[in-house]
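Below is one structure; the comments refer to it alone.
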Amino acid sequence: MHSSRQVVQTLPRPAGELMVTGARPGGFRTLVELTRPWFWPVSMVPVVMGMLFAYKAPGEPAADLQPGRYVAALIAAGPLLWSSVLAVNDAFDFETDRLNERRRHSPHVRGQLQRRQLLGFAALAGGAACLFAAWSGGLIFTAGMAGVLVLGWIYSAPPVRLKGRPVWDVGCNALALGVLGPMGGWALTRSVGEYPVSLAITGLFAGAALYLPTLAIDVDADRAAGIRTTAVRFGLTVVGVLGILSWTVAVLLTVHLTTRGQVLPRQLLPTQLTLSSLLWLAYVFLSRRPTIRRLAILSAALGVAFVFLWIPA
């Protein structure tokens, strides 16, 4: 009888090939593991928030609310965007993932997908994301989508590979999720030039806060693979403190903007203070022992809180 155990070959292999013996395609399961649906809310929520900001901002929007186009924008910003970015990440993270207990059963480590297949899938998903973006939001939204895809590439792929550059890894993700995401949602109905700088700064801190705990999840594997992330360089305590400080600054800035009537009507300040306190506590709790699913729950909770605030506004 032949053993069904998979054996990962770590000996020299041709460039671009991820070799594992005994692996077979898993169909739907492989697709789910590749696209990781639990990531999708992390980028979809900021876009929804940007839509809400634009909808309630003073003055007339430049475009009417069209639900079909909004749905297309969310498909682009969620499933398609993550499918592309994660495929690129997997293509260049084999050495790290094979050392990572959380990732060593992933399709590319099991040998179901080779690097050229992952990059081909990334190109296909990225192209589809841009097409959906063009139909839903026009040139500006498409440019923003392309910008996030480029950030995803330079985060994972050499020679830049920001993933292995302390501080830059955080800044790259904070920019993509906290600034470009909400700005993209805003641009669906309003001029991007009208996007408040104060919201961009708030989003930058929120994006950093959401990304920092992910570094703690994989710090051991990153250290073993020689990848100098911010967590590897400065340690988990510093990363945890920076995450809480960033989240605190984002919450306080949002409250401050509401007191000035720039984000929400002032009469909703008591409700916002309550929800902001709950979100702060949720962050402290969920980031204490972070997992990707916990952080996705946090992102979804953030979106629900904003919708709850905006409905009566």
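Scheme for the structure tokens: letters A, B, ... for chains in order shown; per-chain residue numbers from 1; ligand numbers from 1 in order shown.
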
Residues of segment 133-275 of chain A in alpha helix (DSSP H) according to DSSP, as an NGL selection string? :A and (133-156 or 168-174 or 181-187 or 197-217 or 219-224 or 230-234 or 236-259 or 269-275)

May I have the residues within 10 Å of Pro290 of chain A as a list in words, using only C-alpha atoms and disregarding those fewer than 5 positions away in the same chain?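 Residues near the query, excluding close chain neighbours: Leu212, Pro213, Thr214, Leu215, Ala216, Ile217, Tyr283, Val284, Phe285 and Leu295 of chain A.
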
Need to verify the contact set: Gly50 of chain A, 10 Å, only C-alpha atoms, exclusion of same-chain residues closer than 6 positions in sequence. Can you return it as JSON, numbers by chain? {"A": [179, 180, 181, 182, 183, 184, 185, 186, 187, 188, 189, 195, 199]}

Write out, as a PDB file, in the first residue's frame, the residues just selected, with N, CA, C and O atoms.
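In the end it all went to part_3.pdb:
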ATOM      1  N   VAL A 179      -7.339  54.136   4.481  1.00  0.00           N
ATOM      2  CA  VAL A 179      -7.449  55.370   3.693  1.00  0.00           C
ATOM      3  C   VAL A 179      -8.097  55.098   2.339  1.00  0.00           C
ATOM      4  O   VAL A 179      -9.138  55.676   2.007  1.00  0.00           O
ATOM      5  N   LEU A 180      -7.497  54.217   1.549  1.00  0.00           N
ATOM      6  CA  LEU A 180      -8.014  53.981   0.202  1.00  0.00           C
ATOM      7  C   LEU A 180      -9.377  53.301   0.214  1.00  0.00           C
ATOM      8  O   LEU A 180     -10.200  53.545  -0.675  1.00  0.00           O
ATOM      9  N   GLY A 181      -9.642  52.441   1.215  1.00  0.00           N
ATOM     10  CA  GLY A 181     -10.941  51.773   1.294  1.00  0.00           C
ATOM     11  C   GLY A 181     -12.093  52.750   1.481  1.00  0.00           C
ATOM     12  O   GLY A 181     -12.999  52.835   0.640  1.00  0.00           O
ATOM     13  N   PRO A 182     -12.098  53.532   2.572  1.00  0.00           N
ATOM     14  CA  PRO A 182     -13.179  54.512   2.755  1.00  0.00           C
ATOM     15  C   PRO A 182     -13.218  55.564   1.647  1.00  0.00           C
ATOM     16  O   PRO A 182     -14.297  55.987   1.229  1.00  0.00           O
ATOM     17  N   MET A 183     -12.050  55.969   1.172  1.00  0.00           N
ATOM     18  CA  MET A 183     -12.014  56.964   0.103  1.00  0.00           C
ATOM     19  C   MET A 183     -12.657  56.413  -1.169  1.00  0.00           C
ATOM     20  O   MET A 183     -13.336  57.134  -1.909  1.00  0.00           O
ATOM     21  N   GLY A 184     -12.467  55.108  -1.412  1.00  0.00           N
ATOM     22  CA  GLY A 184     -13.100  54.487  -2.569  1.00  0.00           C
ATOM     23  C   GLY A 184     -14.609  54.479  -2.446  1.00  0.00           C
ATOM     24  O   GLY A 184     -15.326  54.760  -3.415  1.00  0.00           O
ATOM     25  N   GLY A 185     -15.124  54.155  -1.255  1.00  0.00           N
ATOM     26  CA  GLY A 185     -16.564  54.196  -1.042  1.00  0.00           C
ATOM     27  C   GLY A 185     -17.124  55.596  -1.226  1.00  0.00           C
ATOM     28  O   GLY A 185     -18.198  55.786  -1.808  1.00  0.00           O
ATOM     29  N   TRP A 186     -16.395  56.577  -0.751  1.00  0.00           N
ATOM     30  CA  TRP A 186     -16.787  57.979  -0.920  1.00  0.00           C
ATOM     31  C   TRP A 186     -16.845  58.349  -2.401  1.00  0.00           C
ATOM     32  O   TRP A 186     -17.769  59.029  -2.854  1.00  0.00           O
ATOM     33  N   ALA A 187     -15.844  57.904  -3.159  1.00  0.00           N
ATOM     34  CA  ALA A 187     -15.722  58.294  -4.566  1.00  0.00           C
ATOM     35  C   ALA A 187     -16.823  57.716  -5.446  1.00  0.00           C
ATOM     36  O   ALA A 187     -16.960  58.126  -6.603  1.00  0.00           O
ATOM     37  N   LEU A 188     -17.617  56.790  -4.927  1.00  0.00           N
ATOM     38  CA  LEU A 188     -18.706  56.237  -5.725  1.00  0.00           C
ATOM     39  C   LEU A 188     -19.786  57.274  -6.014  1.00  0.00           C
ATOM     40  O   LEU A 188     -20.498  57.170  -7.013  1.00  0.00           O
ATOM     41  N   THR A 189     -19.929  58.264  -5.128  1.00  0.00           N
ATOM     42  CA  THR A 189     -20.971  59.276  -5.340  1.00  0.00           C
ATOM     43  C   THR A 189     -20.461  60.710  -5.254  1.00  0.00           C
ATOM     44  O   THR A 189     -21.182  61.636  -5.611  1.00  0.00           O
ATOM     45  N   TYR A 195     -12.949  64.550  -0.128  1.00  0.00           N
ATOM     46  CA  TYR A 195     -12.810  63.640   1.011  1.00  0.00           C
ATOM     47  C   TYR A 195     -12.045  64.344   2.128  1.00  0.00           C
ATOM     48  O   TYR A 195     -10.931  64.846   1.922  1.00  0.00           O
ATOM     49  N   LEU A 199     -10.714  62.526   8.038  1.00  0.00           N
ATOM     50  CA  LEU A 199     -11.154  61.133   7.942  1.00  0.00           C
ATOM     51  C   LEU A 199     -10.023  60.234   7.457  1.00  0.00           C
ATOM     52  O   LEU A 199      -9.908  59.082   7.886  1.00  0.00           O
TER      53      LEU A 199
END

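Comparing the minimum interatomic distances between Gly68 of chain A and each of A:Gly120, A:Gly27, A:Pro37, A:Gly137, counting only C-alpha atoms, we find that A:Gly137 sits nearest.
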
Hey, what's within 10 Å of Arg104 of chain A if we count only C-alpha atoms and toss same-chain stuff fewer than 6 positions away? As a PyMOL selection string, please? chain A and resi 8+94-98+110

Pairwise distance for atom CA of Leu162 of chain A and atom CA of Thr229 of chain A, rounded to one decimal in Å: 8.6 Å

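The list of residues with at least one atom within 8 Å of Phe92 of chain A, based on only C-alpha atoms and without residues fewer than 5 positions apart in the same chain, reads Arg115, Ser156 and Ala157 of chain A.
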
Suppose we keep N, CA and C atoms; can you now write the selection as a CSV table (one decimal), in the first residue's frame?
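Contents of the output file out.csv:
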chain,number,residue,atom,x,y,z
A,115,ARG,N,3.5,28.2,-8.1
A,115,ARG,CA,3.6,29.7,-8.1
A,115,ARG,C,3.0,30.3,-9.4
A,156,SER,N,4.1,41.7,-0.9
A,156,SER,CA,4.5,40.3,-0.9
A,156,SER,C,5.6,39.9,-1.7
A,157,ALA,N,5.8,40.6,-2.9
A,157,ALA,CA,6.7,40.2,-3.9
A,157,ALA,C,8.1,40.9,-3.8

Env of Ala221 of chain A: 10 Å cut, atoms = only C-alpha atoms, seq-sep filter 2 positions within chain, self excluded. Answer as a list of chain:residue names.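 Listing them by chain and then by number gives A:Glu95, A:Thr96, A:Asp97, A:Arg98, A:Leu99, A:Asn100, A:Glu101, A:Arg102, A:Arg103, A:Ile217, A:Asp218, A:Val219, A:Arg223, A:Ala224, A:Ala225, A:Gly226, A:Ile227, A:Val232.
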
Could the residues in this selection be written to a file with C-alpha atoms, as a short mmCIF file (atom, residue, chain, number, x, y, z; two decimals), in the first residue's frame?
data_model
loop_
_atom_site.label_atom_id
_atom_site.label_comp_id
_atom_site.auth_asym_id
_atom_site.auth_seq_id
_atom_site.Cartn_x
_atom_site.Cartn_y
_atom_site.Cartn_z
CA GLU A 95 8.98 29.15 2.92
CA THR A 96 7.13 30.93 5.71
CA ASP A 97 3.89 29.01 5.40
CA ARG A 98 5.50 25.58 5.53
CA LEU A 99 6.86 26.54 8.96
CA ASN A 100 3.53 27.95 10.11
CA GLU A 101 1.17 25.55 11.87
CA ARG A 102 -1.78 27.70 10.81
CA ARG A 103 -0.80 27.71 7.14
CA ILE A 217 -0.42 35.67 14.85
CA ASP A 218 2.49 34.62 12.64
CA VAL A 219 5.46 36.06 14.51
CA ARG A 223 11.04 34.79 12.73
CA ALA A 224 11.93 31.22 11.77
CA ALA A 225 11.80 32.14 8.08
CA GLY A 226 13.94 35.23 8.62
CA ILE A 227 11.20 37.74 7.76
CA VAL A 232 9.77 40.32 14.80
#

Can you pull out every residue within 9 Å of segment 272-278 of chain A, counting only C-alpha atoms, but drop anything in the same chain fewer than 5 positions away, and send it as a PyMOL selection string? chain A and resi 251-252+254-255+258+264+283+305-306+309

Looking at only C-alpha atoms, which of A:Cys172, A:Gly178, A:Gly111, A:Gln66 is the one that sits closest to Ser136 of chain A? A:Gln66

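If you measure from each of A:Pro107, A:Gly144, A:Pro58, A:Pro270 to Ala77 of chain A using only C-alpha atoms, the closest one turns out to be A:Gly144.
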